[in-house]
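Next comes coords-v1.cif, with mmCIF, C-alpha atoms.
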data_structure
#
loop_
_atom_site.label_atom_id
_atom_site.label_comp_id
_atom_site.auth_asym_id
_atom_site.auth_seq_id
_atom_site.Cartn_x
_atom_site.Cartn_y
_atom_site.Cartn_z
CA MET A 13 0.00 0.00 0.00
CA SER A 14 1.47 3.38 -0.96
CA ALA A 15 1.60 6.27 1.54
CA ASP A 16 -1.22 7.95 -0.41
CA ASP A 17 -3.39 4.84 -0.14
CA VAL A 18 -2.74 4.61 3.60
CA ILE A 19 -3.83 8.22 4.09
CA LYS A 20 -6.90 7.76 1.84
CA SER A 21 -8.01 4.73 3.82
CA HIS A 22 -7.43 6.69 7.07
CA VAL A 23 -9.63 9.56 5.87
CA THR A 24 -12.30 7.07 4.74
CA ALA A 25 -12.31 5.37 8.15
CA LEU A 26 -12.64 8.70 9.98
CA LYS A 27 -15.40 9.90 7.61
CA GLU A 28 -17.39 6.69 7.98
CA GLY A 29 -17.14 6.88 11.76
CA THR A 30 -18.22 10.51 11.72
CA GLU A 31 -21.22 9.72 9.53
CA ARG A 32 -22.22 6.97 11.96
CA ALA A 33 -21.89 9.41 14.86
CA ARG A 34 -24.09 11.95 13.09
CA GLY A 35 -26.75 9.28 12.76
CA LEU A 36 -26.58 8.31 16.45
CA ALA A 37 -26.25 11.63 18.26
CA GLN A 38 -28.15 14.87 18.27
CA THR A 39 -25.79 17.25 16.48
CA LEU A 40 -25.16 20.96 16.54
CA LEU A 41 -22.94 21.61 13.52
CA ASN A 42 -20.85 24.69 12.70
CA VAL A 43 -21.29 26.37 16.09
CA PRO A 44 -19.04 29.47 16.02
CA TYR A 45 -16.38 29.93 18.69
CA GLY A 46 -14.85 33.04 17.10
CA GLU A 47 -15.28 35.50 14.27
CA GLY A 48 -13.26 33.57 11.70
CA GLU A 49 -14.91 31.47 9.03
CA GLY A 50 -12.89 28.41 10.13
CA GLU A 51 -13.60 28.93 13.85
CA LYS A 52 -16.44 26.47 14.25
CA LEU A 53 -17.32 23.43 16.36
CA ASP A 54 -19.44 20.36 15.78
CA VAL A 55 -21.18 19.16 18.93
CA TYR A 56 -22.41 15.56 19.36
CA VAL A 57 -24.96 15.45 22.17
CA PRO A 58 -26.12 12.27 23.91
CA THR A 59 -29.85 11.70 24.29
CA THR A 60 -29.49 11.76 28.06
CA THR A 61 -31.71 13.73 30.39
CA SER A 62 -28.83 14.29 32.80
CA LEU A 63 -27.30 17.76 32.82
CA ASP A 64 -24.20 16.57 34.59
CA VAL A 65 -22.38 15.14 31.57
CA PRO A 66 -18.67 14.92 30.79
CA LEU A 67 -17.51 16.64 27.62
CA VAL A 68 -14.53 15.70 25.47
CA ILE A 69 -13.01 18.07 22.93
CA TYR A 70 -11.37 16.34 19.95
CA LEU A 71 -8.57 18.02 17.96
CA HIS A 72 -7.88 16.41 14.61
CA GLY A 73 -4.49 15.54 13.12
CA GLY A 74 -3.21 15.99 9.57
CA TYR A 75 0.19 17.69 10.04
CA TRP A 76 -1.59 21.05 10.58
CA GLN A 77 -2.47 21.09 6.86
CA PHE A 78 -4.98 18.30 6.16
CA LEU A 79 -8.29 17.03 7.56
CA SER A 80 -11.01 19.07 9.28
CA LYS A 81 -13.76 18.77 11.84
CA GLU A 82 -15.89 17.12 9.13
CA GLU A 83 -14.03 13.82 9.71
CA SER A 84 -13.67 14.31 13.46
CA GLY A 85 -16.87 13.06 15.10
CA PHE A 86 -16.09 9.33 15.03
CA MET A 87 -15.33 8.94 18.75
CA ALA A 88 -18.89 10.02 19.51
CA VAL A 89 -20.06 6.58 18.30
CA PRO A 90 -19.23 4.78 21.58
CA LEU A 91 -19.24 7.87 23.82
CA VAL A 92 -22.73 9.31 23.25
CA HIS A 93 -24.22 5.96 24.35
CA LYS A 94 -22.47 6.49 27.65
CA GLY A 95 -23.80 10.02 28.10
CA VAL A 96 -20.68 11.92 26.97
CA VAL A 97 -20.76 15.08 24.84
CA VAL A 98 -18.14 15.15 22.05
CA VAL A 99 -17.01 18.43 20.47
CA ALA A 100 -14.93 18.37 17.25
CA VAL A 101 -12.96 21.58 16.76
CA GLY A 102 -12.25 23.19 13.41
CA TYR A 103 -9.17 25.37 13.02
CA ASP A 104 -7.47 27.12 10.10
CA ILE A 105 -4.99 24.60 8.73
CA ALA A 106 -2.00 25.78 6.68
CA PRO A 107 -1.49 27.59 4.43
CA LYS A 108 -4.49 29.68 5.60
CA GLY A 109 -3.51 29.42 9.25
CA ASN A 110 -0.01 29.47 10.70
CA MET A 111 1.08 27.76 13.92
CA ASP A 112 0.46 30.79 16.18
CA VAL A 113 -3.04 31.18 14.70
CA MET A 114 -3.95 27.50 15.18
CA VAL A 115 -2.76 27.45 18.79
CA SER A 116 -4.69 30.63 19.55
CA GLN A 117 -7.82 29.20 17.88
CA VAL A 118 -7.88 25.93 19.79
CA ARG A 119 -7.30 27.76 23.09
CA ARG A 120 -10.24 30.05 22.34
CA SER A 121 -12.37 27.07 21.33
CA VAL A 122 -11.93 25.62 24.84
CA VAL A 123 -12.95 28.93 26.45
CA SER A 124 -16.01 29.08 24.21
CA VAL A 125 -17.03 25.50 25.04
CA ILE A 126 -16.86 26.22 28.78
CA GLN A 127 -18.94 29.36 28.36
CA GLN A 128 -21.57 27.53 26.28
CA TYR A 129 -21.64 24.35 28.42
CA SER A 130 -21.18 25.56 31.96
CA HIS A 131 -23.11 22.61 33.46
CA ILE A 132 -20.74 19.82 32.38
CA SER A 133 -19.32 17.50 35.04
CA GLY A 134 -15.83 17.46 33.56
CA LEU A 135 -13.84 18.71 30.57
CA TYR A 136 -11.50 16.35 28.71
CA LEU A 137 -9.22 16.73 25.68
CA CYS A 138 -8.23 14.24 23.02
CA GLY A 139 -5.93 14.99 20.09
CA HIS A 140 -4.22 12.89 17.45
CA SER A 141 -0.84 13.65 15.85
CA ALA A 142 -0.87 17.41 15.11
CA GLY A 143 -4.03 17.52 17.24
CA ALA A 144 -2.13 15.99 20.18
CA HIS A 145 0.39 18.83 19.77
CA LEU A 146 -2.47 21.35 19.90
CA ALA A 147 -4.01 19.61 22.93
CA ALA A 148 -0.64 19.78 24.72
CA MET A 149 -0.45 23.50 23.85
CA ILE A 150 -3.90 23.96 25.43
CA LEU A 151 -2.63 22.27 28.62
CA SER A 152 0.34 24.69 28.53
CA THR A 153 -1.76 27.88 28.31
CA ASP A 154 -1.33 30.87 30.58
CA TRP A 155 -5.05 31.41 31.12
CA SER A 156 -4.58 34.78 32.86
CA GLN A 157 -5.04 36.42 29.43
CA TYR A 158 -8.45 34.75 28.97
CA SER A 159 -11.85 35.35 30.52
CA VAL A 160 -11.97 31.94 32.21
CA THR A 161 -9.55 29.33 33.51
CA PRO A 162 -10.62 25.92 32.22
CA GLN A 163 -10.36 23.02 34.66
CA ILE A 164 -9.32 20.22 32.33
CA LYS A 165 -9.74 16.89 34.12
CA GLY A 166 -8.06 14.62 31.60
CA ALA A 167 -6.19 14.66 28.31
CA PHE A 168 -5.38 11.94 25.78
CA LEU A 169 -2.39 12.88 23.65
CA VAL A 170 -2.30 10.27 20.88
CA SER A 171 0.81 9.82 18.67
CA GLY A 172 1.70 13.47 19.03
CA ILE A 173 4.50 15.85 18.12
CA TYR A 174 5.77 17.85 21.08
CA ASP A 175 9.05 19.30 19.79
CA LEU A 176 8.60 21.14 16.48
CA LEU A 177 12.31 21.74 15.77
CA PRO A 178 12.87 18.41 13.94
CA ILE A 179 10.14 19.22 11.41
CA LEU A 180 11.56 22.63 10.44
CA SER A 181 13.70 21.12 7.67
CA THR A 182 11.01 18.72 6.39
CA TYR A 183 8.25 19.03 3.79
CA VAL A 184 5.73 19.38 6.62
CA ASN A 185 7.04 22.89 7.27
CA GLU A 186 6.64 24.07 3.64
CA PRO A 187 3.07 25.40 4.06
CA LEU A 188 3.62 26.25 7.74
CA LYS A 189 6.74 28.38 7.09
CA MET A 190 7.80 28.19 10.72
CA THR A 191 10.98 29.88 11.85
CA GLU A 192 12.98 28.43 14.72
CA GLU A 193 11.49 31.08 17.02
CA VAL A 194 7.92 30.11 16.08
CA ALA A 195 8.73 26.40 16.48
CA LEU A 196 10.24 26.93 19.93
CA ARG A 197 7.37 28.99 21.33
CA ASN A 198 4.87 26.43 20.03
CA SER A 199 6.71 23.33 21.29
CA PRO A 200 5.03 21.77 24.34
CA SER A 201 8.41 20.26 25.26
CA GLN A 202 9.59 23.83 25.99
CA LEU A 203 6.48 24.72 28.03
CA VAL A 204 6.42 22.07 30.75
CA PRO A 205 6.74 24.68 33.59
CA GLN A 206 3.62 26.46 32.27
CA LEU A 207 1.78 23.14 31.94
CA LYS A 208 2.61 22.44 35.59
CA LEU A 209 1.11 25.81 36.60
CA SER A 210 -2.02 25.40 34.46
CA SER A 211 -2.76 21.67 34.38
CA SER A 212 -1.42 19.96 37.51
CA ASN A 213 -4.91 18.56 38.25
CA CYS A 214 -5.22 17.00 34.80
CA ASP A 215 -4.77 13.26 34.22
CA ILE A 216 -2.53 13.15 31.14
CA VAL A 217 -2.22 10.03 29.00
CA VAL A 218 0.57 10.08 26.41
CA ALA A 219 -0.37 7.31 23.96
CA VAL A 220 1.90 6.01 21.22
CA ALA A 221 1.36 3.29 18.62
CA GLN A 222 3.53 0.17 18.74
CA ASN A 223 4.25 0.65 15.03
CA ASP A 224 4.61 4.42 15.03
CA SER A 225 7.78 5.60 13.29
CA PRO A 226 10.93 5.90 15.46
CA GLU A 227 10.61 9.73 15.43
CA PHE A 228 6.98 9.63 16.57
CA ARG A 229 7.85 7.12 19.30
CA LYS A 230 10.77 9.28 20.43
CA GLN A 231 8.55 12.39 20.56
CA SER A 232 6.02 10.64 22.84
CA GLU A 233 8.65 8.99 25.02
CA ASP A 234 10.64 12.21 25.49
CA TYR A 235 7.54 14.28 26.29
CA TYR A 236 6.29 11.65 28.72
CA LYS A 237 9.70 11.64 30.48
CA ALA A 238 9.70 15.45 30.70
CA LEU A 239 6.23 15.44 32.30
CA GLU A 240 6.91 12.44 34.50
CA SER A 241 10.08 14.00 35.93
CA THR A 242 8.14 17.17 36.82
CA GLU A 243 6.87 16.97 40.38
CA GLY A 244 3.13 17.18 40.86
CA LEU A 245 1.95 16.03 37.42
CA LYS A 246 -0.26 12.99 36.78
CA VAL A 247 0.93 11.33 33.60
CA THR A 248 0.97 7.81 32.16
CA LEU A 249 2.48 6.41 28.96
CA GLU A 250 0.31 4.00 26.96
CA ASP A 251 2.21 2.00 24.37
CA VAL A 252 -0.73 0.59 22.40
CA PRO A 253 0.01 -2.86 20.92
CA ASN A 254 -0.86 -3.83 17.33
CA THR A 255 -1.48 -0.24 16.23
CA ASP A 256 0.08 2.15 13.75
CA HIS A 257 -0.01 5.94 13.47
CA PHE A 258 -3.49 5.85 11.92
CA ASN A 259 -5.48 3.01 13.43
CA ILE A 260 -4.46 4.02 16.96
CA ILE A 261 -7.04 6.81 16.62
CA GLU A 262 -9.44 5.19 14.10
CA GLN A 263 -10.29 2.50 16.66
CA LEU A 264 -11.82 5.05 19.05
CA VAL A 265 -15.00 4.38 17.06
CA ASP A 266 -15.13 1.07 19.00
CA GLY A 267 -16.40 0.94 22.58
CA ASP A 268 -14.23 -2.12 23.41
CA TYR A 269 -10.96 -0.56 22.20
CA HIS A 270 -8.31 -0.12 24.91
CA LEU A 271 -8.11 3.69 24.63
CA THR A 272 -11.92 4.09 24.53
CA GLN A 273 -12.14 2.02 27.71
CA LEU A 274 -9.41 4.12 29.36
CA LEU A 275 -11.20 7.34 28.43
CA LEU A 276 -14.53 6.06 29.78
CA LYS A 277 -12.85 4.92 32.98
CA MET A 278 -11.24 8.33 33.42
CA MET A 279 -14.69 9.94 33.08
CA GLY A 280 -16.27 7.45 35.48
CA LYS A 281 -18.40 6.08 32.64
CA SER A 282 -16.99 2.57 32.11
#
For the file at hand, write its structure as structure tokens.
Amino acid sequence: MSADDVIKSHVTALKEGTERARGLAQTLLNVPYGEGEGEKLDVYVPTTTSLDVPLVIYLHGGYWQFLSKEESGFMAVPLVHKGVVVVAVGYDIAPKGNMDVMVSQVRRSVVSVIQQYSHISGLYLCGHSAGAHLAAMILSTDWSQYSVTPQIKGAFLVSGIYDLLPILSTYVNEPLKMTEEVALRNSPSQLVPQLKLSSSNCDIVVAVAQNDSPEFRKQSEDYYKALESTEGLKVTLEDVPNTDHFNIIEQLVDGDYHLTQLLLKMMGKS
């Protein structure tokens, strides 16, 4: 299978899961969280009568230049049955958006979700690949510049990139046009002290696929070690067997999948 075929089949899997989710959940699509045309959320609401529901925000991958919220509702398939709200966040991928813009957008999306859903029992994040980078940047936010301080209870960082310097010289950076300065200020690996200040109450799961590339595995292992060696943080490393960079996240469409079970357990919904 060529790299293109692998990516096509990944997109197909995510789209199919999202279509299933849209059939199962009540949906609120294209809810604005900012002024920008790309600043919109899709909300997947369980048919529960309880107000006290956990909410998970999903940040899609795609090297900050592919995919969108339109393929990002798949994890609602098992979660809405359990009374969990799922929010898929859209952000301006490159070349329209640059790294500073995307990080600012996802931070504002979290603030907007809290303002719109003040009755939730707990806020959780999940991001894959570039989305795991963005989720880690949310955990590393200085919220004093925002109108609220989110209390994020748990975060699943799946096959993420936490140090942007190694991608500066690769094709990934062509549409992003990051300088070293931009890469450093947007690297979660550089922001662990801020994460400790902002997110010490958050249960952080750094998940990596058994068959992720050596660079992806190194990124997860190094970030996990940096968090784990920081006093006062709650972090675990999940090395997920029999998975690759793509199906590690695709399988969240399945209620029996290891990471789905972990997420439900974290929310008290297993």
Around range 136-139 of chain A, fit a box with edges along x, y and z, padding it by 6 Å on each side, then list its centre and edge lengths in Å to one decimal as lines of an AutoDock Vina configuration file.
center_x = -8.7
center_y = 15.5
center_z = 24.4
size_x = 17.6
size_y = 14.5
size_z = 20.6
Please evaluate the PyMOL selection byres ((chain A and resi 88) around 10) against the displayed coordinates and give the resulting residues as a PyMOL selection string. chain A and resi 29-30+32-34+36-37+55-58+68+70+84-87+89-100+264-267
Students should find that CA of Leu188 in chain A and CA of Pro107 in chain A are spaced 6.2 Å
Applying the PyMOL selection byres ((chain A and resi 76) around 7) to the file I just gave you, which residues come out? Please list them as an MDAnalysis selection string. chainID A and resid 73:75 77:78 105:106 142
Just want the 10 Å neighbourhood of Ile260 in chain A, counted on all atoms listed in the file, with same-chain residues fewer than 5 positions away dropped. Output as an MDAnalysis selection string. chainID A and resid 140 170:171 219:224 252:255 269:271
Spell out the residues picked by the PyMOL selection byres ((chain A and resi 204) around 10) here, as a PyMOL selection string. chain A and resi 148-149+151-152+199-203+205-211+235+238-239+242
Exercise: Gly50 in chain A partners within 9 Å, all atoms listed in the file, chain neighbours under 4 positions left out, as a PyMOL selection string: chain A and resi 44+46+102-105
